[in-house]
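target39.cif follows; it contains mmCIF, N, CA and C atoms.
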data_my_file
#
loop_
_atom_site.label_atom_id
_atom_site.label_comp_id
_atom_site.auth_asym_id
_atom_site.auth_seq_id
_atom_site.Cartn_x
_atom_site.Cartn_y
_atom_site.Cartn_z
N MET A 8 -21.87 -17.96 -40.17
CA MET A 8 -22.82 -17.31 -39.29
C MET A 8 -22.47 -15.83 -39.11
N LYS A 9 -21.18 -15.55 -39.00
CA LYS A 9 -20.77 -14.17 -38.79
C LYS A 9 -21.17 -13.31 -39.98
N GLU A 10 -21.09 -13.87 -41.18
CA GLU A 10 -21.46 -13.13 -42.39
C GLU A 10 -22.95 -12.81 -42.40
N VAL A 11 -23.76 -13.75 -41.95
CA VAL A 11 -25.21 -13.53 -41.89
C VAL A 11 -25.51 -12.42 -40.90
N LEU A 12 -24.89 -12.48 -39.72
CA LEU A 12 -25.10 -11.45 -38.70
C LEU A 12 -24.64 -10.09 -39.20
N GLU A 13 -23.50 -10.04 -39.85
CA GLU A 13 -22.98 -8.78 -40.37
C GLU A 13 -23.90 -8.18 -41.42
N THR A 14 -24.44 -9.01 -42.29
CA THR A 14 -25.37 -8.54 -43.32
C THR A 14 -26.63 -7.95 -42.70
N ILE A 15 -27.17 -8.61 -41.70
CA ILE A 15 -28.38 -8.12 -41.04
C ILE A 15 -28.11 -6.77 -40.38
N ILE A 16 -27.02 -6.70 -39.61
CA ILE A 16 -26.71 -5.47 -38.87
C ILE A 16 -26.45 -4.31 -39.82
N LYS A 17 -25.67 -4.54 -40.86
CA LYS A 17 -25.32 -3.45 -41.78
C LYS A 17 -26.53 -2.92 -42.53
N ASN A 18 -27.55 -3.76 -42.72
CA ASN A 18 -28.76 -3.28 -43.38
C ASN A 18 -29.66 -2.48 -42.45
N LEU A 19 -29.42 -2.55 -41.16
CA LEU A 19 -30.23 -1.80 -40.20
C LEU A 19 -29.66 -0.43 -39.87
N VAL A 20 -28.34 -0.28 -39.93
CA VAL A 20 -27.69 0.95 -39.43
C VAL A 20 -27.42 1.95 -40.55
N ASP A 21 -27.19 3.21 -40.16
CA ASP A 21 -26.81 4.25 -41.11
C ASP A 21 -25.30 4.27 -41.33
N ASP A 22 -24.53 4.12 -40.24
CA ASP A 22 -23.07 4.17 -40.30
C ASP A 22 -22.51 2.76 -40.42
N LYS A 23 -22.45 2.25 -41.64
CA LYS A 23 -22.02 0.87 -41.87
C LYS A 23 -20.54 0.64 -41.53
N GLU A 24 -19.75 1.71 -41.58
CA GLU A 24 -18.31 1.59 -41.29
C GLU A 24 -18.05 1.32 -39.80
N SER A 25 -18.97 1.71 -38.94
CA SER A 25 -18.74 1.56 -37.50
C SER A 25 -19.13 0.17 -36.98
N VAL A 26 -19.70 -0.68 -37.83
CA VAL A 26 -20.13 -2.01 -37.40
C VAL A 26 -18.89 -2.87 -37.18
N GLU A 27 -18.83 -3.43 -35.98
CA GLU A 27 -17.72 -4.29 -35.61
C GLU A 27 -18.28 -5.52 -34.91
N ILE A 28 -17.94 -6.70 -35.41
CA ILE A 28 -18.44 -7.94 -34.81
C ILE A 28 -17.24 -8.79 -34.41
N ARG A 29 -17.18 -9.10 -33.12
CA ARG A 29 -16.08 -9.91 -32.59
C ARG A 29 -16.62 -11.28 -32.24
N GLU A 30 -15.93 -12.31 -32.66
CA GLU A 30 -16.36 -13.68 -32.42
C GLU A 30 -15.50 -14.29 -31.31
N VAL A 31 -16.14 -14.71 -30.23
CA VAL A 31 -15.45 -15.36 -29.12
C VAL A 31 -15.92 -16.80 -29.08
N GLU A 32 -15.01 -17.73 -29.37
CA GLU A 32 -15.39 -19.14 -29.46
C GLU A 32 -14.89 -19.89 -28.24
N GLU A 33 -15.79 -20.63 -27.62
CA GLU A 33 -15.46 -21.49 -26.49
C GLU A 33 -15.74 -22.93 -26.91
N GLU A 34 -15.75 -23.84 -25.97
CA GLU A 34 -15.91 -25.26 -26.31
C GLU A 34 -17.15 -25.53 -27.16
N LYS A 35 -18.31 -25.24 -26.60
CA LYS A 35 -19.55 -25.55 -27.31
C LYS A 35 -20.35 -24.32 -27.69
N THR A 36 -19.87 -23.15 -27.33
CA THR A 36 -20.63 -21.93 -27.62
C THR A 36 -19.79 -20.91 -28.37
N ILE A 37 -20.47 -20.10 -29.13
CA ILE A 37 -19.85 -18.98 -29.82
C ILE A 37 -20.61 -17.73 -29.39
N THR A 38 -19.88 -16.70 -29.00
CA THR A 38 -20.49 -15.43 -28.62
C THR A 38 -20.07 -14.39 -29.64
N TYR A 39 -21.05 -13.69 -30.18
CA TYR A 39 -20.77 -12.59 -31.10
C TYR A 39 -21.02 -11.28 -30.34
N GLU A 40 -19.99 -10.45 -30.27
CA GLU A 40 -20.11 -9.14 -29.64
C GLU A 40 -20.26 -8.10 -30.75
N VAL A 41 -21.41 -7.48 -30.82
CA VAL A 41 -21.72 -6.54 -31.89
C VAL A 41 -21.57 -5.11 -31.35
N ARG A 42 -20.77 -4.32 -32.04
CA ARG A 42 -20.60 -2.90 -31.69
C ARG A 42 -21.04 -2.06 -32.88
N VAL A 43 -21.86 -1.07 -32.60
CA VAL A 43 -22.28 -0.11 -33.61
C VAL A 43 -22.15 1.28 -33.00
N SER A 44 -22.29 2.31 -33.81
CA SER A 44 -22.21 3.68 -33.28
C SER A 44 -23.38 3.92 -32.35
N LYS A 45 -23.21 4.87 -31.44
CA LYS A 45 -24.24 5.17 -30.44
C LYS A 45 -25.57 5.54 -31.09
N GLY A 46 -25.51 6.27 -32.20
CA GLY A 46 -26.73 6.70 -32.87
C GLY A 46 -27.50 5.56 -33.50
N ASP A 47 -26.82 4.47 -33.83
CA ASP A 47 -27.46 3.33 -34.47
C ASP A 47 -27.89 2.25 -33.48
N MET A 48 -27.51 2.37 -32.22
CA MET A 48 -27.81 1.31 -31.25
C MET A 48 -29.31 1.11 -31.11
N GLY A 49 -30.09 2.19 -31.13
CA GLY A 49 -31.54 2.08 -31.02
C GLY A 49 -32.16 1.33 -32.19
N LYS A 50 -31.58 1.50 -33.37
CA LYS A 50 -32.10 0.81 -34.56
C LYS A 50 -31.84 -0.69 -34.48
N VAL A 51 -30.71 -1.05 -33.88
CA VAL A 51 -30.36 -2.47 -33.78
C VAL A 51 -31.16 -3.16 -32.69
N ILE A 52 -31.40 -2.45 -31.59
CA ILE A 52 -32.13 -3.05 -30.47
C ILE A 52 -33.64 -3.00 -30.71
N GLY A 53 -34.14 -1.91 -31.22
CA GLY A 53 -35.57 -1.80 -31.51
C GLY A 53 -36.39 -1.52 -30.28
N ARG A 54 -37.68 -1.31 -30.48
CA ARG A 54 -38.58 -1.04 -29.36
C ARG A 54 -38.73 -2.29 -28.52
N GLN A 55 -38.50 -2.11 -27.23
CA GLN A 55 -38.59 -3.19 -26.25
C GLN A 55 -37.70 -4.38 -26.63
N GLY A 56 -36.65 -4.14 -27.41
CA GLY A 56 -35.69 -5.18 -27.76
C GLY A 56 -36.17 -6.19 -28.78
N LYS A 57 -37.21 -5.84 -29.52
CA LYS A 57 -37.79 -6.80 -30.46
C LYS A 57 -36.89 -7.11 -31.64
N ILE A 58 -36.21 -6.10 -32.16
CA ILE A 58 -35.31 -6.35 -33.29
C ILE A 58 -34.11 -7.18 -32.83
N ALA A 59 -33.56 -6.84 -31.67
CA ALA A 59 -32.44 -7.60 -31.13
C ALA A 59 -32.83 -9.06 -30.91
N GLN A 60 -34.02 -9.29 -30.39
CA GLN A 60 -34.48 -10.66 -30.17
C GLN A 60 -34.67 -11.40 -31.49
N SER A 61 -35.15 -10.70 -32.51
CA SER A 61 -35.32 -11.32 -33.82
C SER A 61 -33.97 -11.70 -34.42
N ILE A 62 -32.98 -10.83 -34.25
CA ILE A 62 -31.63 -11.13 -34.75
C ILE A 62 -31.09 -12.37 -34.05
N ARG A 63 -31.26 -12.45 -32.75
CA ARG A 63 -30.80 -13.62 -31.99
C ARG A 63 -31.49 -14.89 -32.47
N THR A 64 -32.78 -14.80 -32.76
CA THR A 64 -33.53 -15.97 -33.22
C THR A 64 -33.01 -16.47 -34.56
N VAL A 65 -32.74 -15.56 -35.49
CA VAL A 65 -32.22 -15.95 -36.81
C VAL A 65 -30.85 -16.61 -36.67
N ILE A 66 -29.98 -16.02 -35.87
CA ILE A 66 -28.63 -16.56 -35.70
C ILE A 66 -28.67 -17.92 -35.01
N LYS A 67 -29.56 -18.09 -34.04
CA LYS A 67 -29.69 -19.39 -33.38
C LYS A 67 -30.20 -20.45 -34.35
N ALA A 68 -31.07 -20.06 -35.27
CA ALA A 68 -31.56 -21.01 -36.27
C ALA A 68 -30.43 -21.47 -37.19
N VAL A 69 -29.57 -20.53 -37.58
CA VAL A 69 -28.42 -20.88 -38.42
C VAL A 69 -27.46 -21.76 -37.62
N ALA A 70 -27.27 -21.47 -36.35
CA ALA A 70 -26.35 -22.23 -35.51
C ALA A 70 -26.84 -23.66 -35.28
N ASN A 71 -28.14 -23.85 -35.21
CA ASN A 71 -28.67 -25.19 -34.99
C ASN A 71 -28.31 -26.13 -36.13
N ARG A 72 -28.19 -25.60 -37.32
CA ARG A 72 -27.77 -26.43 -38.46
C ARG A 72 -26.35 -26.95 -38.27
N ASN A 73 -25.53 -26.18 -37.57
CA ASN A 73 -24.12 -26.53 -37.37
C ASN A 73 -23.87 -27.13 -35.99
N ASP A 74 -24.93 -27.46 -35.26
CA ASP A 74 -24.82 -28.04 -33.91
C ASP A 74 -23.97 -27.19 -32.98
N LYS A 75 -24.19 -25.89 -32.99
CA LYS A 75 -23.47 -24.96 -32.12
C LYS A 75 -24.48 -24.18 -31.30
N LYS A 76 -24.05 -23.67 -30.16
CA LYS A 76 -24.87 -22.75 -29.36
C LYS A 76 -24.27 -21.37 -29.54
N VAL A 77 -25.13 -20.41 -29.82
CA VAL A 77 -24.67 -19.06 -30.14
C VAL A 77 -25.42 -18.04 -29.28
N THR A 78 -24.66 -17.03 -28.83
CA THR A 78 -25.28 -15.89 -28.18
C THR A 78 -24.80 -14.63 -28.90
N VAL A 79 -25.68 -13.64 -28.92
CA VAL A 79 -25.35 -12.36 -29.55
C VAL A 79 -25.51 -11.28 -28.49
N GLU A 80 -24.43 -10.52 -28.28
CA GLU A 80 -24.44 -9.42 -27.32
C GLU A 80 -24.26 -8.10 -28.06
N PHE A 81 -25.05 -7.12 -27.68
CA PHE A 81 -24.95 -5.79 -28.29
C PHE A 81 -24.26 -4.87 -27.30
N ILE A 82 -23.11 -4.34 -27.69
CA ILE A 82 -22.27 -3.52 -26.83
C ILE A 82 -22.28 -2.09 -27.33
N GLY A 83 -22.62 -1.17 -26.47
CA GLY A 83 -22.74 0.22 -26.85
C GLY A 83 -21.51 1.02 -26.75
#
As structure tokens, please, write out the structure in this file.
Amino acid sequence: MKEVLETIIKNLVDDKESVEIREVEEEKTITYEVRVSKGDMGKVIGRQGKIAQSIRTVIKAVANRNDKKVTVEFIG
């Protein structure tokens, strides 16, 4: 799942080197903390958060196959 998220994020941003994804695993949930450069944050979130919501939807679909609950947080 982390690889899928990383691929999506890196294709959206200009500064691919600044992409950092931290995985925090708890009992039944996994939280991905995504950090990108300040200039790329708008590209990842999108207008009214539509791109961010789409990313969350894709990752949740992948997680459902593995019977996991996943959240994605974007940290500026």
Practice prompt. I need the residue set behind the PyMOL selection byres ((chain A and resi 66) around 8) for this file; please write it as a list in words.
Written response: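 Evaluating the PyMOL selection byres ((chain A and resi 66) around 8) on these coordinates yields Met8, Val11, Leu12, Gln60, Ser61, Ile62, Arg63, Thr64, Val65, Lys67, Ala68, Val69, Ala70, Asn71, Lys76, Val77, Thr78 and Val79 of chain A.
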Item to complete: Write out as a list in words the residues lying within 8 Å of region 47-54 of chain A, counting only N, CA and C atoms and excluding same-chain residues fewer than 4 positions away.
Response: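 Near neighbours after the sequence-gap exclusion: Ile16, Leu19, Val20, Asp21, Asp22, Arg42, Val43, Ile58, Ala59, Gln60, Phe81, Ile82 and Gly83 of chain A.
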Worksheet entry | Spatial sel., origin (-19.5, -0.1, -35.9), limit 8 Å, all atoms listed in the file, listed as a ChimeraX atom specification | /A:22-28,41-45
Next, write the just-selected residues to a file, as a PDB file, in the coordinates of the input, keeping N, CA and C atoms as the atom set.
ATOM      1  N   ASP A  22     -24.530   4.120 -40.240  1.00  0.00           N
ATOM      2  CA  ASP A  22     -23.070   4.170 -40.300  1.00  0.00           C
ATOM      3  C   ASP A  22     -22.510   2.760 -40.420  1.00  0.00           C
ATOM      4  N   LYS A  23     -22.450   2.250 -41.640  1.00  0.00           N
ATOM      5  CA  LYS A  23     -22.020   0.870 -41.870  1.00  0.00           C
ATOM      6  C   LYS A  23     -20.540   0.640 -41.530  1.00  0.00           C
ATOM      7  N   GLU A  24     -19.750   1.710 -41.580  1.00  0.00           N
ATOM      8  CA  GLU A  24     -18.310   1.590 -41.290  1.00  0.00           C
ATOM      9  C   GLU A  24     -18.050   1.320 -39.800  1.00  0.00           C
ATOM     10  N   SER A  25     -18.970   1.710 -38.940  1.00  0.00           N
ATOM     11  CA  SER A  25     -18.740   1.560 -37.500  1.00  0.00           C
ATOM     12  C   SER A  25     -19.130   0.170 -36.980  1.00  0.00           C
ATOM     13  N   VAL A  26     -19.700  -0.680 -37.830  1.00  0.00           N
ATOM     14  CA  VAL A  26     -20.130  -2.010 -37.400  1.00  0.00           C
ATOM     15  C   VAL A  26     -18.890  -2.870 -37.180  1.00  0.00           C
ATOM     16  N   GLU A  27     -18.830  -3.430 -35.980  1.00  0.00           N
ATOM     17  CA  GLU A  27     -17.720  -4.290 -35.610  1.00  0.00           C
ATOM     18  C   GLU A  27     -18.280  -5.520 -34.910  1.00  0.00           C
ATOM     19  N   ILE A  28     -17.940  -6.700 -35.410  1.00  0.00           N
ATOM     20  CA  ILE A  28     -18.440  -7.940 -34.810  1.00  0.00           C
ATOM     21  C   ILE A  28     -17.240  -8.790 -34.410  1.00  0.00           C
ATOM     22  N   VAL A  41     -21.410  -7.480 -30.820  1.00  0.00           N
ATOM     23  CA  VAL A  41     -21.720  -6.540 -31.890  1.00  0.00           C
ATOM     24  C   VAL A  41     -21.570  -5.110 -31.350  1.00  0.00           C
ATOM     25  N   ARG A  42     -20.770  -4.320 -32.040  1.00  0.00           N
ATOM     26  CA  ARG A  42     -20.600  -2.900 -31.690  1.00  0.00           C
ATOM     27  C   ARG A  42     -21.040  -2.060 -32.880  1.00  0.00           C
ATOM     28  N   VAL A  43     -21.860  -1.070 -32.600  1.00  0.00           N
ATOM     29  CA  VAL A  43     -22.280  -0.110 -33.610  1.00  0.00           C
ATOM     30  C   VAL A  43     -22.150   1.280 -33.000  1.00  0.00           C
ATOM     31  N   SER A  44     -22.290   2.310 -33.810  1.00  0.00           N
ATOM     32  CA  SER A  44     -22.210   3.680 -33.280  1.00  0.00           C
ATOM     33  C   SER A  44     -23.380   3.920 -32.350  1.00  0.00           C
ATOM     34  N   LYS A  45     -23.210   4.870 -31.440  1.00  0.00           N
ATOM     35  CA  LYS A  45     -24.240   5.170 -30.440  1.00  0.00           C
ATOM     36  C   LYS A  45     -25.570   5.540 -31.090  1.00  0.00           C
TER      37      LYS A  45
END
Fill in: Test item, strand (DSSP E or B) assignment across chain A, answer as JSON, numbers by chain
{"A": [27, 28, 29, 30, 31, 32, 36, 37, 38, 39, 40, 41, 42, 76, 77, 78, 79, 80, 81, 82]}
Worksheet entry | Point-to-point distance from atom C of Thr38 (chain A) to atom N of Lys9 (chain A), Å rounded to tenths | 9.5 Å
Item to complete: Figure out the distance between atom C of Glu34 (chain A) and atom N of Asn73 (chain A), please, to one decimal in Å.
Response: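 Here the two named atoms are 13.4 Å from each other.
CA of Glu80 (chain A) to CA of Thr36 (chain A) spans 13.1 Å [interatomic distance, one decimal].
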Item to complete: Give the alpha helix (DSSP H) residues of region 11-77 of chain A, as DSSP finds them on the backbone, and put them as a PyMOL selection string.
Response: chain A and resi 11-19+45-52+57-72
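The nearest approach to Lys75 (chain A) among the residues A:Glu32, A:Gln55, A:Ile15, A:Glu10, with only C-alpha atoms taken into account, belongs to A:Glu32.
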